[in-house]
Amino acid sequence: MTSRFRITLGQLNPTVGDLAGNADLAREAWAQGKEAGADLVALPEMFLAGYNAQDLVMKQAFQLDVMTHLEALAADCADGPALAIGAPWVEGAKLYNAYLILRNGKIASRVFKHNLPNETVFDEVRIFESAPLGGPYAVGDTRIGSPICEDAWHPDVAETLAETGAEFLLVPNGSPYYRGKFETRLNHMVARVVETELPLIYLNMVGGQDDQVFDGASFALNPGGKLAFQMPAFDAQIAHVDLEQTPEGWRVVEGEKAHMPSDLEQDYRVMVQGLRDYMGKTGFKKVLLGLSGGIDSAIVATIAVDALGADNVRCVMLPSEYTSQASLDDAESVAKALGCRYDYVPIAQGRAAITDTLAPLFDGTTPDLTEENIQSRLRGLLLMAVSNKFGEMLLTTGNKSEVAVGYATIYGDMAGGYNPIKDMYKTRVFDSCRWRNENHRDWMKGPEGEVIAPRIIDKPPSAELREDQKDSDSLPDYPDLDAMLTILVDDDGSIADCVAAGFDREVAKKVEHLLYISEYKRFQSAPGPRLTKGAFWLDRRYPIVNRWRDPS
């Protein structure tokens, strides 16, 4: 019997639909595994198609193209270690989320997912068939069980594999980030190890796909739940992991254990990686944004420079007569600190022209929110013109607090293709700015040191659309607002829960009302990276027309 088994793990970044590119990544990992003397090279769930590919995998032409690439991959990787790769697979008339083992030029084994996730960002029940429980596959004389992602979050698949002869578990995943996810994963995997008394290797992908960022952080556990090795979070990496035979069975050889960053750092990395991959995978090279002198646009500019480099970021100040000198100075200071381009485009002349154009129609009415929104929409018009002229994607800058209660102008400051802070509450934005000023990492393309002046962080937030305007004129103070939104959105709680937390019932009802009536805005808003399980898009799906309000 073999006394040592080596697995090469590809914690890599696939692109949805790029079958040739993803197959090439698999070939590269396989070549490194072959050179390292691996018995098996493993890649994550649905790696060949990319994940989460949603309804794309139901397209017959796509399924046939996947098969063509699988056959070519099997042929190219015939002389060396086995290759395990995730892909959609059609068996008869049924479509499965599959894990395929390629050996000796052919598909030697197939594993089909049994437990299909049907919550938060996943709706695999409407796409794939649930497979019956199955047994392990063999690589040489070693029998391996591979619960696919969700299959390892429940006991049935792993227990069946252990009972039918699996000697260790290799779990391929497409598991996207939300805050605190690593601890949740680890707890579930420890449970599987305790139940089966088998070693477990958890392999996750990295990289951004639409609103989701996959954070890697692959690891291995030995019986008893002891951590044997830990790969870095977010970094694409190929690692070689050894198991050795002992009188008690296979054990993972102790390896490096990467440090897990703080929650603040992980959130910031997700926003940077999400933007970087959204740009790279859609083909955009440069971005622009309106830089107002406020904290939200400052952090978005910083994220953009860290993701893409200063040469690929344009900041545009579009002042009106309500823009303070402090805001003008603050916006310029951020652009200079980051080293990116800074353009100055006053909107007063354009606003006057629009006011004159509408004057006959608006005669006899009182100025109100309409005139404020004209400023925001004029800025959106001008920024989109710059975007079209220079081929730069416009970033929006609304935080989750504003997105939740509609404190943003549709077709105005909501115009754009991507919003890096869409799932970050305002109070968290403050914390992230302070963190970035004090920390720098090698994955950041921006400069070290203080890039957002403390006065920008400390001043009262304002849209500056009228004299002496403050956000607190229209909304509860952000600490209170964010606490109520956390209850109503992230925790899916009630008005009674808000009252129990110490908030006034009428204030909580106002927040709930704003939340529901803003659904149509969010329906038309730009995507942004998911940081929580209560993100606006696939996590929280509410009707636009909704007359219900919590009666509690």
# chains A, B, ... in the order shown; residues from 1 in each chain; ligands from 1
$ residues_around --residues "Ala239 of chain A" --least-positions-apart "4" --cutoff "8 Å" --atoms "only C-alpha atoms" --output "list in words"
Thr8, Leu9, Gly10 and Gln11 of chain A
$ residues_around --residues "Thr68 of chain A" --least-positions-apart "5" --cutoff "12 Å" --atoms "only C-alpha atoms" --output "number ranges by chain"
A: 19-20, 23, 48, 61-63, 73-75, 87, 89
$ write_last_selection --atoms "C-alpha atoms" --output "short mmCIF file (atom, residue, chain, number, x, y, z; two decimals), in the first residue's frame"
data_model
loop_
_atom_site.label_atom_id
_atom_site.label_comp_id
_atom_site.auth_asym_id
_atom_site.auth_seq_id
_atom_site.Cartn_x
_atom_site.Cartn_y
_atom_site.Cartn_z
CA LEU A 19 -13.57 27.80 -20.93
CA ALA A 20 -10.26 28.01 -22.78
CA ALA A 23 -8.67 25.04 -18.95
CA LEU A 48 -13.99 24.95 -15.87
CA ALA A 61 -24.35 25.01 -26.67
CA PHE A 62 -22.42 25.88 -23.51
CA GLN A 63 -22.75 22.33 -22.19
CA LEU A 73 -8.00 18.64 -21.08
CA ALA A 74 -8.12 14.91 -20.39
CA ALA A 75 -6.01 14.21 -23.48
CA ALA A 87 -17.80 21.46 -14.31
CA TRP A 89 -22.21 17.69 -16.64
#
$ atom_distance --atom1 "atom CA of Asp211 of chain A" --atom2 "atom CA of Gly180 of chain A"
17.3 Å
$ residues_around --residues "Leu186 of chain A" --least-positions-apart "3" --cutoff "12 Å" --atoms "only C-alpha atoms" --output "ChimeraX atom specification"
/A:152-153,180-183,189-193,200-202,217-221,225-227,230
$ residues_around --residues "Asp442 of chain A" --least-positions-apart "6" --cutoff "12 Å" --atoms "only C-alpha atoms" --output "PDB file with C-alpha atoms, in the first residue's frame"
ATOM      1  CA  ASP A 235      -4.361  35.034  -3.075  1.00  0.00           C
ATOM      2  CA  ARG A 269      -9.603  43.361   0.127  1.00  0.00           C
ATOM      3  CA  ASP A 306      -5.474  50.236  -4.960  1.00  0.00           C
ATOM      4  CA  ALA A 307      -7.243  47.979  -7.480  1.00  0.00           C
ATOM      5  CA  GLU A 448       1.336  54.037   1.567  1.00  0.00           C
TER       6      GLU A 448
END
$ select_by_dssp --residues "segment 330-496 of chain A" --states "helix (DSSP H, G or I)" --output "PyMOL selection string"
chain A and resi 330-338+348-362+369-390+400-405+426-438+454-458+471-473+478-490+495-496
$ write_last_selection --atoms "C-alpha atoms" --output "PDB file, in the first residue's frame"
ATOM      1  CA  ASP A 330     -10.605  68.007   0.425  1.00  0.00           C
ATOM      2  CA  ALA A 331     -11.353  66.520  -2.989  1.00  0.00           C
ATOM      3  CA  GLU A 332      -8.125  67.869  -4.446  1.00  0.00           C
ATOM      4  CA  SER A 333      -6.148  66.604  -1.449  1.00  0.00           C
ATOM      5  CA  VAL A 334      -7.407  63.034  -1.975  1.00  0.00           C
ATOM      6  CA  ALA A 335      -6.574  63.075  -5.693  1.00  0.00           C
ATOM      7  CA  LYS A 336      -3.087  64.434  -4.978  1.00  0.00           C
ATOM      8  CA  ALA A 337      -2.431  61.934  -2.190  1.00  0.00           C
ATOM      9  CA  LEU A 338      -3.459  59.066  -4.468  1.00  0.00           C
ATOM     10  CA  ALA A 348     -23.278  76.220 -12.416  1.00  0.00           C
ATOM     11  CA  GLN A 349     -23.601  77.219 -16.082  1.00  0.00           C
ATOM     12  CA  GLY A 350     -25.309  73.971 -17.046  1.00  0.00           C
ATOM     13  CA  ARG A 351     -27.603  74.130 -14.035  1.00  0.00           C
ATOM     14  CA  ALA A 352     -28.631  77.679 -14.946  1.00  0.00           C
ATOM     15  CA  ALA A 353     -29.429  76.562 -18.503  1.00  0.00           C
ATOM     16  CA  ILE A 354     -31.617  73.718 -17.233  1.00  0.00           C
ATOM     17  CA  THR A 355     -33.354  76.033 -14.757  1.00  0.00           C
ATOM     18  CA  ASP A 356     -34.105  78.507 -17.569  1.00  0.00           C
ATOM     19  CA  THR A 357     -35.368  75.706 -19.807  1.00  0.00           C
ATOM     20  CA  LEU A 358     -37.783  74.471 -17.147  1.00  0.00           C
ATOM     21  CA  ALA A 359     -38.801  77.928 -15.881  1.00  0.00           C
ATOM     22  CA  PRO A 360     -41.989  78.239 -18.009  1.00  0.00           C
ATOM     23  CA  LEU A 361     -43.149  74.787 -16.922  1.00  0.00           C
ATOM     24  CA  PHE A 362     -42.250  75.299 -13.239  1.00  0.00           C
ATOM     25  CA  LEU A 369     -36.151  68.344  -3.987  1.00  0.00           C
ATOM     26  CA  THR A 370     -36.615  68.662  -7.753  1.00  0.00           C
ATOM     27  CA  GLU A 371     -34.006  71.396  -8.006  1.00  0.00           C
ATOM     28  CA  GLU A 372     -31.629  69.480  -5.751  1.00  0.00           C
ATOM     29  CA  ASN A 373     -31.925  66.382  -7.920  1.00  0.00           C
ATOM     30  CA  ILE A 374     -31.240  68.395 -11.070  1.00  0.00           C
ATOM     31  CA  GLN A 375     -27.743  69.023  -9.722  1.00  0.00           C
ATOM     32  CA  SER A 376     -27.141  65.336  -9.096  1.00  0.00           C
ATOM     33  CA  ARG A 377     -28.536  64.313 -12.481  1.00  0.00           C
ATOM     34  CA  LEU A 378     -26.497  66.960 -14.259  1.00  0.00           C
ATOM     35  CA  ARG A 379     -23.389  65.540 -12.604  1.00  0.00           C
ATOM     36  CA  GLY A 380     -24.435  62.070 -13.753  1.00  0.00           C
ATOM     37  CA  LEU A 381     -24.910  63.355 -17.309  1.00  0.00           C
ATOM     38  CA  LEU A 382     -21.476  64.969 -17.378  1.00  0.00           C
ATOM     39  CA  LEU A 383     -19.711  61.981 -15.829  1.00  0.00           C
ATOM     40  CA  MET A 384     -21.352  59.617 -18.317  1.00  0.00           C
ATOM     41  CA  ALA A 385     -20.245  61.913 -21.136  1.00  0.00           C
ATOM     42  CA  VAL A 386     -16.645  61.651 -19.903  1.00  0.00           C
ATOM     43  CA  SER A 387     -17.082  57.892 -19.581  1.00  0.00           C
ATOM     44  CA  ASN A 388     -18.315  57.600 -23.177  1.00  0.00           C
ATOM     45  CA  LYS A 389     -15.663  59.926 -24.594  1.00  0.00           C
ATOM     46  CA  PHE A 390     -12.667  58.244 -22.964  1.00  0.00           C
ATOM     47  CA  LYS A 400     -25.193  50.709   1.986  1.00  0.00           C
ATOM     48  CA  SER A 401     -26.944  53.125   4.349  1.00  0.00           C
ATOM     49  CA  GLU A 402     -27.837  55.409   1.431  1.00  0.00           C
ATOM     50  CA  VAL A 403     -28.669  52.512  -0.872  1.00  0.00           C
ATOM     51  CA  ALA A 404     -31.006  51.104   1.785  1.00  0.00           C
ATOM     52  CA  VAL A 405     -33.103  54.227   2.366  1.00  0.00           C
ATOM     53  CA  LYS A 426     -21.671  54.437   6.470  1.00  0.00           C
ATOM     54  CA  THR A 427     -20.250  53.790   9.932  1.00  0.00           C
ATOM     55  CA  ARG A 428     -18.128  51.008   8.446  1.00  0.00           C
ATOM     56  CA  VAL A 429     -16.898  53.424   5.765  1.00  0.00           C
ATOM     57  CA  PHE A 430     -15.469  55.619   8.518  1.00  0.00           C
ATOM     58  CA  ASP A 431     -13.671  52.628  10.026  1.00  0.00           C
ATOM     59  CA  SER A 432     -12.344  51.517   6.630  1.00  0.00           C
ATOM     60  CA  CYS A 433     -10.916  54.959   5.883  1.00  0.00           C
ATOM     61  CA  ARG A 434      -9.048  54.991   9.169  1.00  0.00           C
ATOM     62  CA  TRP A 435      -7.818  51.423   8.587  1.00  0.00           C
ATOM     63  CA  ARG A 436      -6.516  52.245   5.109  1.00  0.00           C
ATOM     64  CA  ASN A 437      -4.702  55.344   6.355  1.00  0.00           C
ATOM     65  CA  GLU A 438      -2.855  53.202   8.880  1.00  0.00           C
ATOM     66  CA  PRO A 454      -8.778  63.099   8.917  1.00  0.00           C
ATOM     67  CA  ARG A 455     -10.909  66.219   8.368  1.00  0.00           C
ATOM     68  CA  ILE A 456     -12.742  64.361   5.559  1.00  0.00           C
ATOM     69  CA  ILE A 457     -13.533  61.524   7.953  1.00  0.00           C
ATOM     70  CA  ASP A 458     -14.526  63.760  10.841  1.00  0.00           C
ATOM     71  CA  ASP A 471     -27.482  64.195   6.014  1.00  0.00           C
ATOM     72  CA  SER A 472     -28.886  64.281   9.561  1.00  0.00           C
ATOM     73  CA  ASP A 473     -31.537  66.780   8.367  1.00  0.00           C
ATOM     74  CA  TYR A 478     -25.707  57.152  10.971  1.00  0.00           C
ATOM     75  CA  PRO A 479     -24.866  55.034  14.048  1.00  0.00           C
ATOM     76  CA  ASP A 480     -28.593  54.779  14.805  1.00  0.00           C
ATOM     77  CA  LEU A 481     -29.605  54.351  11.168  1.00  0.00           C
ATOM     78  CA  ASP A 482     -27.034  51.619  10.581  1.00  0.00           C
ATOM     79  CA  ALA A 483     -28.053  49.782  13.745  1.00  0.00           C
ATOM     80  CA  MET A 484     -31.705  49.765  12.647  1.00  0.00           C
ATOM     81  CA  LEU A 485     -30.803  48.719   9.101  1.00  0.00           C
ATOM     82  CA  THR A 486     -28.686  45.891  10.457  1.00  0.00           C
ATOM     83  CA  ILE A 487     -31.772  44.639  12.323  1.00  0.00           C
ATOM     84  CA  LEU A 488     -34.188  45.108   9.408  1.00  0.00           C
ATOM     85  CA  VAL A 489     -31.932  44.050   6.511  1.00  0.00           C
ATOM     86  CA  ASP A 490     -29.022  41.893   7.680  1.00  0.00           C
ATOM     87  CA  ILE A 495     -39.982  46.881  14.138  1.00  0.00           C
ATOM     88  CA  ALA A 496     -40.428  45.193  17.528  1.00  0.00           C
TER      89      ALA A 496
END
$ closest_residue --among "A:Gln273, A:Thr246, A:Ala228, A:Leu538" --to "Gln54 of chain A" --atoms "only C-alpha atoms"
A:Leu538
$ residues_around --residues "Leu198 of chain A" --least-positions-apart "6" --cutoff "9 Å" --atoms "only C-alpha atoms" --output "list in words"
Ala162, Ala166, Glu167, Phe168, Leu169, Arg192, Leu221, Asn222, Pro223, Gly224, Gly249, Trp250 and Arg251 of chain A
$ select_by_dssp --residues "segment 342-482 of chain A" --states "strand (DSSP E)" --output "PyMOL selection string"
chain A and resi 342-344+393-394
$ residues_around --residues "Leu203 of chain A" --least-positions-apart "6" --cutoff "6 Å" --atoms "only C-alpha atoms" --output "MDAnalysis selection string"
chainID A and resid 171:173 218
$ residues_around --residues "Pro88 of chain A" --least-positions-apart "3" --cutoff "7 Å" --atoms "only C-alpha atoms" --output "ChimeraX atom specification"
/A:46,57,95-98
$ write_last_selection --atoms "C-alpha atoms" --output "mmCIF file, in the first residue's frame"
data_model
loop_
_atom_site.group_PDB
_atom_site.id
_atom_site.type_symbol
_atom_site.label_atom_id
_atom_site.label_comp_id
_atom_site.auth_asym_id
_atom_site.auth_seq_id
_atom_site.Cartn_x
_atom_site.Cartn_y
_atom_site.Cartn_z
ATOM 1 C CA MET A 46 -17.349 24.355 -11.303
ATOM 2 C CA VAL A 57 -24.862 26.388 -17.617
ATOM 3 C CA LEU A 95 -27.764 18.482 -15.611
ATOM 4 C CA TYR A 96 -25.469 18.070 -12.616
ATOM 5 C CA ASN A 97 -22.956 20.123 -10.702
ATOM 6 C CA ALA A 98 -20.132 17.634 -11.146
#
$ closest_residue --among "A:Tyr344, A:Gly446, A:Asp156, A:Lys470" --to "Gly294 of chain A" --atoms "only C-alpha atoms"
A:Lys470
$ atom_distance --atom1 "atom CA of Tyr407 of chain A" --atom2 "atom CA of Asp363 of chain A"
27.2 Å
